[in-house]
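Asker: To be precise about what I am sending: the file is called start.cif and holds mmCIF, C-alpha atoms.
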data_protein
#
loop_
_atom_site.group_PDB
_atom_site.id
_atom_site.type_symbol
_atom_site.label_atom_id
_atom_site.label_comp_id
_atom_site.auth_asym_id
_atom_site.auth_seq_id
_atom_site.Cartn_x
_atom_site.Cartn_y
_atom_site.Cartn_z
ATOM 1 C CA MET H 1 -188.145 5.028 -10.876
ATOM 2 C CA SER H 2 -189.920 8.352 -10.903
ATOM 3 C CA LYS H 3 -191.080 7.673 -7.340
ATOM 4 C CA TYR H 4 -187.528 6.995 -6.129
ATOM 5 C CA LYS H 5 -186.274 9.971 -8.092
ATOM 6 C CA LYS H 6 -188.831 12.162 -6.372
ATOM 7 C CA TYR H 7 -187.702 11.000 -2.918
ATOM 8 C CA PHE H 8 -184.103 11.366 -3.953
ATOM 9 C CA ASN H 9 -184.719 14.964 -5.038
ATOM 10 C CA ILE H 10 -186.448 15.688 -1.742
ATOM 11 C CA TYR H 11 -183.518 14.145 0.098
ATOM 12 C CA ILE H 12 -181.052 16.299 -1.850
ATOM 13 C CA VAL H 13 -183.096 19.429 -1.111
ATOM 14 C CA LEU H 14 -183.175 18.581 2.595
ATOM 15 C CA VAL H 15 -179.433 17.938 2.638
ATOM 16 C CA VAL H 16 -178.792 21.234 0.860
ATOM 17 C CA PHE H 17 -181.030 23.085 3.315
ATOM 18 C CA ALA H 18 -179.288 21.372 6.238
ATOM 19 C CA LEU H 19 -175.883 22.306 4.856
ATOM 20 C CA LEU H 20 -176.978 25.880 4.199
ATOM 21 C CA GLY H 21 -178.493 26.048 7.685
ATOM 22 C CA SER H 22 -175.307 24.735 9.258
ATOM 23 C CA LEU H 23 -173.225 27.161 7.204
ATOM 24 C CA PHE H 24 -175.489 30.054 8.160
ATOM 25 C CA TYR H 25 -175.315 29.046 11.839
ATOM 26 C CA PHE H 26 -171.527 28.765 11.654
ATOM 27 C CA LEU H 27 -171.184 32.156 9.960
ATOM 28 C CA TYR H 28 -173.636 33.764 12.369
ATOM 29 C CA SER H 29 -171.896 32.226 15.412
ATOM 30 C CA SER H 30 -168.493 33.350 14.085
ATOM 31 C CA TYR H 31 -169.861 36.845 13.481
ATOM 32 C CA MET H 32 -171.335 37.067 16.979
ATOM 33 C CA ALA H 33 -168.142 35.707 18.581
ATOM 34 C CA GLU H 34 -166.036 38.223 16.635
ATOM 35 C CA LYS H 35 -168.459 41.008 17.518
ATOM 36 C CA LYS H 36 -168.266 40.062 21.199
ATOM 37 C CA GLN H 37 -164.480 39.981 21.082
ATOM 38 C CA ASN H 38 -164.391 43.392 19.397
ATOM 39 C CA ASN H 39 -166.751 44.748 22.049
ATOM 40 C CA MET H 40 -164.508 43.329 24.779
ATOM 41 C CA ARG H 41 -161.454 44.901 23.149
ATOM 42 C CA VAL H 42 -163.183 48.286 23.196
ATOM 43 C CA PHE H 43 -164.221 47.623 26.803
ATOM 44 C CA PHE H 44 -160.651 46.833 27.811
ATOM 45 C CA ASP H 45 -159.218 49.790 25.868
ATOM 46 C CA TYR H 46 -161.389 52.058 27.980
ATOM 47 C CA HIS H 47 -160.490 50.396 31.270
ATOM 48 C CA VAL H 48 -156.755 50.350 30.494
ATOM 49 C CA LYS H 49 -156.996 54.120 30.083
ATOM 50 C CA GLN H 50 -158.878 54.273 33.390
ATOM 51 C CA LEU H 51 -156.218 52.092 35.027
ATOM 52 C CA ASN H 52 -153.451 54.402 33.848
ATOM 53 C CA LYS H 53 -155.428 57.414 35.057
ATOM 54 C CA SER H 54 -156.022 55.792 38.456
ATOM 55 C CA ILE H 55 -152.322 55.011 38.794
ATOM 56 C CA ASP H 56 -151.449 58.599 37.855
ATOM 57 C CA ASP H 57 -153.919 59.840 40.475
ATOM 58 C CA GLU H 58 -152.235 57.682 43.122
ATOM 59 C CA LYS H 59 -148.836 58.955 42.012
ATOM 60 C CA PHE H 60 -149.925 62.552 42.457
ATOM 61 C CA SER H 61 -151.539 61.702 45.777
ATOM 62 C CA SER H 62 -148.428 59.963 47.114
ATOM 63 C CA MET H 63 -146.214 62.814 45.957
ATOM 64 C CA ALA H 64 -148.422 65.368 47.700
ATOM 65 C CA ILE H 65 -148.204 63.348 50.927
ATOM 66 C CA SER H 66 -144.418 63.019 50.685
ATOM 67 C CA ILE H 67 -144.024 66.777 50.139
ATOM 68 C CA LEU H 68 -146.225 67.545 53.137
ATOM 69 C CA LEU H 69 -144.408 65.038 55.345
ATOM 70 C CA ALA H 70 -141.043 66.469 54.308
ATOM 71 C CA GLN H 71 -142.256 69.802 55.680
ATOM 72 C CA ASN H 72 -143.571 68.241 58.883
ATOM 73 C CA GLU H 73 -141.852 69.876 61.839
ATOM 74 C CA SER H 74 -141.790 66.731 63.980
ATOM 75 C CA ILE H 75 -140.013 64.815 61.183
ATOM 76 C CA GLN H 76 -137.499 67.609 60.707
ATOM 77 C CA MET H 77 -136.765 67.937 64.423
ATOM 78 C CA CYS H 78 -136.181 64.225 65.053
ATOM 79 C CA LEU H 79 -133.822 64.053 62.069
ATOM 80 C CA LEU H 80 -131.950 67.158 63.197
ATOM 81 C CA GLY H 81 -131.618 65.807 66.721
ATOM 82 C CA GLN H 82 -130.757 62.319 65.419
ATOM 83 C CA ASN H 83 -133.395 61.033 67.794
ATOM 84 C CA ARG H 84 -134.497 57.785 66.212
ATOM 85 C CA ASP H 85 -136.953 56.898 68.990
ATOM 86 C CA GLU H 86 -138.773 60.155 68.365
ATOM 87 C CA CYS H 87 -138.721 59.519 64.603
ATOM 88 C CA VAL H 88 -140.210 56.055 65.158
ATOM 89 C CA LYS H 89 -142.982 57.562 67.251
ATOM 90 C CA ASN H 90 -143.694 60.231 64.632
ATOM 91 C CA ILE H 91 -143.717 57.754 61.739
ATOM 92 C CA GLU H 92 -146.071 55.438 63.631
ATOM 93 C CA ASN H 93 -148.466 58.302 64.371
ATOM 94 C CA LEU H 94 -148.405 59.559 60.772
ATOM 95 C CA THR H 95 -148.955 56.080 59.358
ATOM 96 C CA LYS H 96 -151.898 55.545 61.682
ATOM 97 C CA THR H 97 -153.422 58.929 60.820
ATOM 98 C CA LEU H 98 -153.064 58.478 57.065
ATOM 99 C CA GLY H 99 -154.219 54.867 57.269
ATOM 100 C CA ALA H 100 -157.593 55.996 58.593
ATOM 101 C CA ALA H 101 -158.500 56.795 54.972
ATOM 102 C CA SER H 102 -159.524 53.633 53.106
ATOM 103 C CA MET H 103 -157.265 54.274 50.110
ATOM 104 C CA TYR H 104 -154.269 54.646 52.439
ATOM 105 C CA ASN H 105 -154.985 51.813 54.869
ATOM 106 C CA ASN H 106 -151.867 49.972 53.673
ATOM 107 C CA ILE H 107 -149.633 53.027 53.330
ATOM 108 C CA LYS H 108 -145.971 52.614 54.226
ATOM 109 C CA LEU H 109 -143.486 55.338 55.172
ATOM 110 C CA HIS H 110 -139.717 55.094 54.900
ATOM 111 C CA LEU H 111 -137.455 57.715 56.451
ATOM 112 C CA TYR H 112 -133.813 58.116 55.394
ATOM 113 C CA ASP H 113 -131.076 60.103 57.106
ATOM 114 C CA LYS H 114 -128.915 62.698 55.344
ATOM 115 C CA ASP H 115 -126.552 59.968 54.090
ATOM 116 C CA LEU H 116 -129.495 58.072 52.582
ATOM 117 C CA LYS H 117 -129.247 55.274 55.111
ATOM 118 C CA SER H 118 -132.528 53.719 56.164
ATOM 119 C CA TYR H 119 -133.627 55.360 59.426
ATOM 120 C CA VAL H 120 -137.221 54.212 60.007
ATOM 121 C CA ARG H 121 -139.406 51.755 58.099
ATOM 122 C CA SER H 122 -143.010 51.904 59.234
ATOM 123 C CA TRP H 123 -143.512 48.196 58.372
ATOM 124 C CA ASP H 124 -140.257 46.946 59.958
ATOM 125 C CA LEU H 125 -139.153 49.155 62.832
ATOM 126 C CA ASN H 126 -136.279 46.904 63.849
ATOM 127 C CA ARG H 127 -134.537 47.098 60.506
ATOM 128 C CA TYR H 128 -132.505 50.246 59.877
ATOM 129 C CA GLY H 129 -129.011 51.542 59.141
ATOM 130 C CA ASP H 130 -128.686 49.735 55.803
ATOM 131 C CA MET H 131 -127.554 51.607 52.714
ATOM 132 C CA ILE H 132 -130.035 50.361 50.122
ATOM 133 C CA ALA H 133 -130.640 53.734 48.513
ATOM 134 C CA SER H 134 -127.682 53.201 46.173
ATOM 135 C CA GLY H 135 -129.835 50.805 44.160
ATOM 136 C CA ARG H 136 -132.981 52.899 44.326
ATOM 137 C CA PHE H 137 -133.668 54.979 41.231
ATOM 138 C CA LEU H 138 -136.244 57.334 42.747
ATOM 139 C CA VAL H 139 -134.296 58.010 45.946
ATOM 140 C CA GLN H 140 -131.127 58.754 44.005
ATOM 141 C CA GLU H 141 -132.883 60.955 41.443
ATOM 142 C CA SER H 142 -134.697 62.906 44.134
ATOM 143 C CA ARG H 143 -131.387 63.676 45.822
ATOM 144 C CA ARG H 144 -129.554 64.370 42.550
ATOM 145 C CA GLN H 145 -132.225 66.659 41.098
ATOM 146 C CA ASN H 146 -133.147 68.079 44.514
ATOM 147 C CA LYS H 147 -136.867 67.708 43.897
ATOM 148 C CA PRO H 148 -139.677 65.251 44.691
ATOM 149 C CA MET H 149 -139.823 62.153 42.506
ATOM 150 C CA VAL H 150 -142.625 59.659 41.981
ATOM 151 C CA GLY H 151 -143.063 56.422 40.077
ATOM 152 C CA ILE H 152 -143.452 52.660 40.270
ATOM 153 C CA GLU H 153 -140.547 50.711 41.676
ATOM 154 C CA ALA H 154 -139.846 47.146 42.814
ATOM 155 C CA TRP H 155 -137.613 46.597 45.817
ATOM 156 C CA TYR H 156 -137.467 44.425 48.927
ATOM 157 C CA ALA H 157 -140.934 45.500 50.074
ATOM 158 C CA GLY H 158 -142.420 44.631 46.666
ATOM 159 C CA VAL H 159 -143.880 46.704 43.850
ATOM 160 C CA HIS H 160 -145.304 50.004 45.042
ATOM 161 C CA ILE H 161 -146.238 53.412 43.788
ATOM 162 C CA ARG H 162 -143.473 55.377 45.505
ATOM 163 C CA ALA H 163 -142.909 59.072 46.079
ATOM 164 C CA VAL H 164 -139.722 60.517 47.569
ATOM 165 C CA SER H 165 -139.130 64.040 48.880
ATOM 166 C CA ASN H 166 -136.046 65.553 50.443
ATOM 167 C CA VAL H 167 -136.411 66.826 53.995
ATOM 168 C CA MET H 168 -134.911 70.322 54.073
ATOM 169 C CA HIS H 169 -134.119 72.586 57.028
ATOM 170 C CA GLU H 170 -132.679 76.064 56.562
ATOM 171 C CA GLY H 171 -131.580 75.156 53.065
ATOM 172 C CA LYS H 172 -129.788 71.962 54.090
ATOM 173 C CA ASN H 173 -130.794 68.433 53.174
ATOM 174 C CA ILE H 174 -131.203 66.490 56.405
ATOM 175 C CA GLY H 175 -132.857 63.364 55.026
ATOM 176 C CA SER H 176 -135.539 61.983 52.732
ATOM 177 C CA ILE H 177 -138.990 60.552 53.211
ATOM 178 C CA GLU H 178 -140.651 57.982 50.982
ATOM 179 C CA VAL H 179 -144.350 57.157 50.671
ATOM 180 C CA LEU H 180 -145.302 53.687 49.417
ATOM 181 C CA LEU H 181 -148.781 52.758 48.177
ATOM 182 C CA ASN H 182 -149.700 49.224 47.096
ATOM 183 C CA TYR H 183 -152.309 48.147 44.542
ATOM 184 C CA ASP H 184 -154.950 46.692 46.849
ATOM 185 C CA SER H 185 -157.209 49.747 46.788
ATOM 186 C CA LEU H 186 -157.141 49.708 42.971
ATOM 187 C CA GLY H 187 -157.822 45.963 42.930
ATOM 188 C CA ASN H 188 -160.774 46.371 45.275
ATOM 189 C CA PHE H 189 -162.134 49.254 43.207
ATOM 190 C CA TYR H 190 -162.064 47.196 40.020
ATOM 191 C CA LYS H 191 -163.858 44.375 41.805
ATOM 192 C CA THR H 192 -166.802 46.706 42.286
ATOM 193 C CA GLN H 193 -166.800 47.187 38.497
ATOM 194 C CA GLY H 194 -166.877 43.446 37.849
ATOM 195 C CA ILE H 195 -163.221 43.397 36.774
ATOM 196 C CA ASP H 196 -160.324 41.460 38.285
ATOM 197 C CA LEU H 197 -156.932 43.147 38.438
ATOM 198 C CA PHE H 198 -153.651 41.274 38.741
ATOM 199 C CA VAL H 199 -150.371 43.101 39.313
ATOM 200 C CA LEU H 200 -147.668 40.645 38.296
ATOM 201 C CA LEU H 201 -143.982 41.221 39.001
ATOM 202 C CA SER H 202 -141.422 39.175 37.075
ATOM 203 C CA LYS H 203 -139.464 37.142 39.594
ATOM 204 C CA ASP H 204 -136.198 37.955 37.840
ATOM 205 C CA LYS H 205 -136.847 41.689 38.379
ATOM 206 C CA MET H 206 -137.018 41.417 42.169
ATOM 207 C CA PRO H 207 -133.688 42.158 43.931
ATOM 208 C CA ALA H 208 -134.657 40.006 46.909
ATOM 209 C CA HIS H 209 -137.845 38.465 48.215
ATOM 210 C CA LYS H 210 -138.959 36.910 51.477
ATOM 211 C CA SER H 211 -140.324 33.461 50.716
ATOM 212 C CA ALA H 212 -144.054 32.937 51.233
ATOM 213 C CA PRO H 213 -146.598 30.246 50.255
ATOM 214 C CA SER H 214 -147.967 32.566 47.575
ATOM 215 C CA ASP H 215 -144.637 32.509 45.718
ATOM 216 C CA GLN H 216 -145.567 29.198 44.099
ATOM 217 C CA ILE H 217 -148.922 30.301 42.696
ATOM 218 C CA LEU H 218 -147.299 31.376 39.425
ATOM 219 C CA SER H 219 -143.931 30.061 38.293
ATOM 220 C CA ASP H 220 -142.538 33.273 36.761
ATOM 221 C CA TYR H 221 -144.405 36.043 38.578
ATOM 222 C CA TYR H 222 -145.283 37.292 42.035
ATOM 223 C CA ILE H 223 -148.891 38.448 42.472
ATOM 224 C CA GLU H 224 -148.305 41.817 44.100
ATOM 225 C CA ASN H 225 -151.948 42.563 44.940
ATOM 226 C CA LEU H 226 -152.549 39.158 46.491
ATOM 227 C CA SER H 227 -155.237 40.207 48.984
ATOM 228 C CA SER H 228 -157.434 41.770 46.274
ATOM 229 C CA ALA H 229 -156.737 39.280 43.450
ATOM 230 C CA ASN H 230 -159.336 36.727 42.347
ATOM 231 C CA LEU H 231 -157.318 33.539 42.808
ATOM 232 C CA ASN H 232 -160.155 31.411 41.482
ATOM 233 C CA ILE H 233 -158.887 31.982 37.920
ATOM 234 C CA VAL H 234 -155.194 31.297 38.572
ATOM 235 C CA GLY H 235 -155.511 27.971 36.715
ATOM 236 C CA ILE H 236 -156.356 29.878 33.520
ATOM 237 C CA LEU H 237 -153.783 32.582 34.181
ATOM 238 C CA ARG H 238 -151.020 29.984 34.403
ATOM 239 C CA ASP H 239 -151.688 28.910 30.806
ATOM 240 C CA ILE H 240 -151.395 32.397 29.294
ATOM 241 C CA ASP H 241 -148.092 33.360 27.682
ATOM 242 C CA LEU H 242 -148.103 36.966 28.858
ATOM 243 C CA LYS H 243 -145.205 37.851 26.555
ATOM 244 C CA LYS H 244 -147.208 36.712 23.538
ATOM 245 C CA TYR H 245 -150.766 37.898 24.157
ATOM 246 C CA GLU H 246 -152.268 41.333 24.703
ATOM 247 C CA PHE H 247 -155.789 39.924 24.513
ATOM 248 C CA TYR H 248 -156.714 36.377 25.482
ATOM 249 C CA VAL H 249 -160.000 34.475 25.489
ATOM 250 C CA TYR H 250 -160.823 31.227 27.258
ATOM 251 C CA LYS H 251 -164.511 30.255 27.063
ATOM 252 C CA THR H 252 -166.315 33.094 28.889
ATOM 253 C CA HIS H 253 -163.095 34.515 30.358
ATOM 254 C CA TYR H 254 -161.510 37.563 28.732
ATOM 255 C CA PHE H 255 -158.042 38.844 29.622
ATOM 256 C CA CYS H 256 -156.195 42.029 28.733
ATOM 257 C CA VAL H 257 -152.412 42.113 29.301
ATOM 258 C CA VAL H 258 -150.619 45.445 29.801
ATOM 259 C CA PRO H 259 -146.855 45.910 30.365
ATOM 260 C CA LEU H 260 -145.891 47.167 33.840
ATOM 261 C CA LEU H 261 -143.141 49.799 33.554
ATOM 262 C CA ASP H 262 -141.155 51.159 36.482
ATOM 263 C CA ALA H 263 -139.896 54.681 37.100
ATOM 264 C CA SER H 264 -136.832 54.103 34.905
ATOM 265 C CA ASN H 265 -139.100 52.935 32.038
ATOM 266 C CA THR H 266 -137.998 49.313 32.438
ATOM 267 C CA GLN H 267 -140.627 46.606 32.065
ATOM 268 C CA ILE H 268 -140.828 44.649 35.307
ATOM 269 C CA GLY H 269 -144.052 42.712 34.827
ATOM 270 C CA TYR H 270 -147.655 43.020 33.710
ATOM 271 C CA TYR H 271 -151.062 44.305 34.672
ATOM 272 C CA VAL H 272 -153.735 41.769 33.781
ATOM 273 C CA LEU H 273 -157.414 42.713 33.619
ATOM 274 C CA HIS H 274 -159.974 39.907 33.616
ATOM 275 C CA VAL H 275 -163.712 39.720 33.014
ATOM 276 C CA ASN H 276 -165.932 36.658 33.123
ATOM 277 C CA THR H 277 -169.058 37.173 31.026
ATOM 278 C CA ASP H 278 -170.792 34.228 32.722
ATOM 279 C CA GLU H 279 -172.833 35.915 35.444
ATOM 280 C CA LYS H 280 -173.203 32.672 37.411
ATOM 281 C CA GLU H 281 -169.442 32.413 37.872
ATOM 282 C CA ARG H 282 -168.759 36.121 38.275
ATOM 283 C CA ASN H 283 -167.365 37.456 41.548
ATOM 284 C CA ILE H 284 -166.291 34.009 42.776
ATOM 285 C CA SER H 285 -163.175 34.285 44.950
ATOM 286 C CA GLN H 286 -161.170 31.977 47.133
ATOM 287 C CA ASN H 287 -158.248 32.176 49.519
ATOM 288 C CA TYR H 288 -155.191 30.438 48.100
ATOM 289 C CA LEU H 289 -154.177 29.258 51.544
ATOM 290 C CA GLU H 290 -157.386 27.233 51.696
ATOM 291 C CA SER H 291 -157.124 25.763 48.212
ATOM 292 C CA GLU H 292 -154.729 22.880 47.676
ATOM 293 C CA GLU H 293 -155.470 23.023 43.937
ATOM 294 C CA LEU H 294 -153.266 26.106 43.603
ATOM 295 C CA PHE H 295 -150.140 24.248 44.642
#
Will you turn the file into structure tokens for me?

Answerer:
Amino acid sequence: MSKYKKYFNIYIVLVVFALLGSLFYFLYSSYMAEKKQNNMRVFFDYHVKQLNKSIDDEKFSSMAISILLAQNESIQMCLLGQNRDECVKNIENLTKTLGAASMYNNIKLHLYDKDLKSYVRSWDLNRYGDMIASGRFLVQESRRQNKPMVGIEAWYAGVHIRAVSNVMHEGKNIGSIEVLLNYDSLGNFYKTQGIDLFVLLSKDKMPAHKSAPSDQILSDYYIENLSSANLNIVGILRDIDLKKYEFYVYKTHYFCVVPLLDASNTQIGYYVLHVNTDEKERNISQNYLESEELF
């Protein structure tokens, strides 16, 4: 019996050691996972601040451009002379000149007449004469307060950082000019930092939208920076309840969700920052038009 008792005691000791080892491994793994999550939270806190600073920088930049363009003599003269052909030519030249800088390569300019009717859209020269300014917060506030206004706004052309300045001549308001910047330059910048940026606009916050294949990528949101977004992780993004989570983890994928507020302080969507800590998968991208899995 003593022999069996000896083996039994050894067995018990081994079981206890195994249990203690498993418990230690579990506690250590939990500690390391929590530590990693805390580190990622700190990481995202920093980059959210950087995102807000970058957006503010683009706001100031777009406002400076709108103020300068409002003082441009060729813009003033074509508005005074009600010469739309000349205004089209001037807007095309200015868009081309500004677009030579990489951060402005997708810049859009919108010229309004003195009655706030659309006069020239740089991205749609054949569409003009419509009175859409009545629903535009920044355009209305710029005219009402008689000063330049800047902010984020969603309208028919999508979500943009927009700056509006009144065009004045001899003390009279003869029109307005609007500068629109999209998020692609920011998205491309964050890619160089190993971070994916998604600018998501709630579909119910868009007054109107031209249908496109990309509309079906997410059921409730438009991806506004489509050309710079990493669509390889859309499958994960679809499963995140953005209204519920500020921080989300799926395996080696970490997400930070930030409310997107427009110029009137209304939430119209979300910014989503993503990092994959698996270096083998990092920086993978794909074109949604070439991937049937997205639809």

Asker: Of the candidates H:Met131, H:Ile177, H:Ala229, H:Val257, which one gets nearest to Leu197 (chain H) if we count only C-alpha atoms?

Answerer: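 For Leu197 (chain H), the nearest of the candidates is H:Ala229.
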
Asker: Could you give me, as an NGL selection string, the residues within 8 Å of Asp113 (chain H), counting all atoms listed in the file and dropping anything in the same chain fewer than 5 positions from it?

Answerer: :H and (79 or 118-119 or 174-176)

Asker: Residues at most 12 Å from region 144-147 of chain H, counting all atoms listed in the file, excluding those fewer than 6 positions away in the same chain, as a tab-separated table (two decimals) with C-alpha atoms, in the frame of the given file?

Answerer:
chain	number	residue	atom	x	y	z
H	63	MET	CA	-146.21	62.81	45.96
H	66	SER	CA	-144.42	63.02	50.68
H	67	ILE	CA	-144.02	66.78	50.14
H	70	ALA	CA	-141.04	66.47	54.31
H	116	LEU	CA	-129.50	58.07	52.58
H	134	SER	CA	-127.68	53.20	46.17
H	137	PHE	CA	-133.67	54.98	41.23
H	138	LEU	CA	-136.24	57.33	42.75
H	163	ALA	CA	-142.91	59.07	46.08
H	164	VAL	CA	-139.72	60.52	47.57
H	165	SER	CA	-139.13	64.04	48.88
H	166	ASN	CA	-136.05	65.55	50.44
H	167	VAL	CA	-136.41	66.83	54.00
H	168	MET	CA	-134.91	70.32	54.07
H	171	GLY	CA	-131.58	75.16	53.06
H	172	LYS	CA	-129.79	71.96	54.09
H	173	ASN	CA	-130.79	68.43	53.17
H	175	GLY	CA	-132.86	63.36	55.03
H	176	SER	CA	-135.54	61.98	52.73
H	177	ILE	CA	-138.99	60.55	53.21

Asker: For Asn83 (chain H), which of H:Ile223, H:Val120, H:Met103, H:Leu14 is the closest residue, counting all atoms listed in the file?

Answerer: H:Val120

Asker: Written as a CSV table (one decimal) with C-alpha atoms, keeping the file's coordinate frame, what is the full residue list that the PyMOL selection byres ((chain H and resi 190) around 12) yields on the file shown?

Answerer:
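After the write, part38.csv holds the following:
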chain,number,residue,atom,x,y,z
H,47,HIS,CA,-160.5,50.4,31.3
H,48,VAL,CA,-156.8,50.4,30.5
H,50,GLN,CA,-158.9,54.3,33.4
H,51,LEU,CA,-156.2,52.1,35.0
H,54,SER,CA,-156.0,55.8,38.5
H,183,TYR,CA,-152.3,48.1,44.5
H,184,ASP,CA,-155.0,46.7,46.8
H,185,SER,CA,-157.2,49.7,46.8
H,186,LEU,CA,-157.1,49.7,43.0
H,187,GLY,CA,-157.8,46.0,42.9
H,188,ASN,CA,-160.8,46.4,45.3
H,189,PHE,CA,-162.1,49.3,43.2
H,191,LYS,CA,-163.9,44.4,41.8
H,192,THR,CA,-166.8,46.7,42.3
H,193,GLN,CA,-166.8,47.2,38.5
H,194,GLY,CA,-166.9,43.4,37.8
H,195,ILE,CA,-163.2,43.4,36.8
H,196,ASP,CA,-160.3,41.5,38.3
H,197,LEU,CA,-156.9,43.1,38.4
H,198,PHE,CA,-153.7,41.3,38.7
H,228,SER,CA,-157.4,41.8,46.3
H,229,ALA,CA,-156.7,39.3,43.4
H,230,ASN,CA,-159.3,36.7,42.3
H,272,VAL,CA,-153.7,41.8,33.8
H,273,LEU,CA,-157.4,42.7,33.6
H,274,HIS,CA,-160.0,39.9,33.6
H,275,VAL,CA,-163.7,39.7,33.0
H,283,ASN,CA,-167.4,37.5,41.5
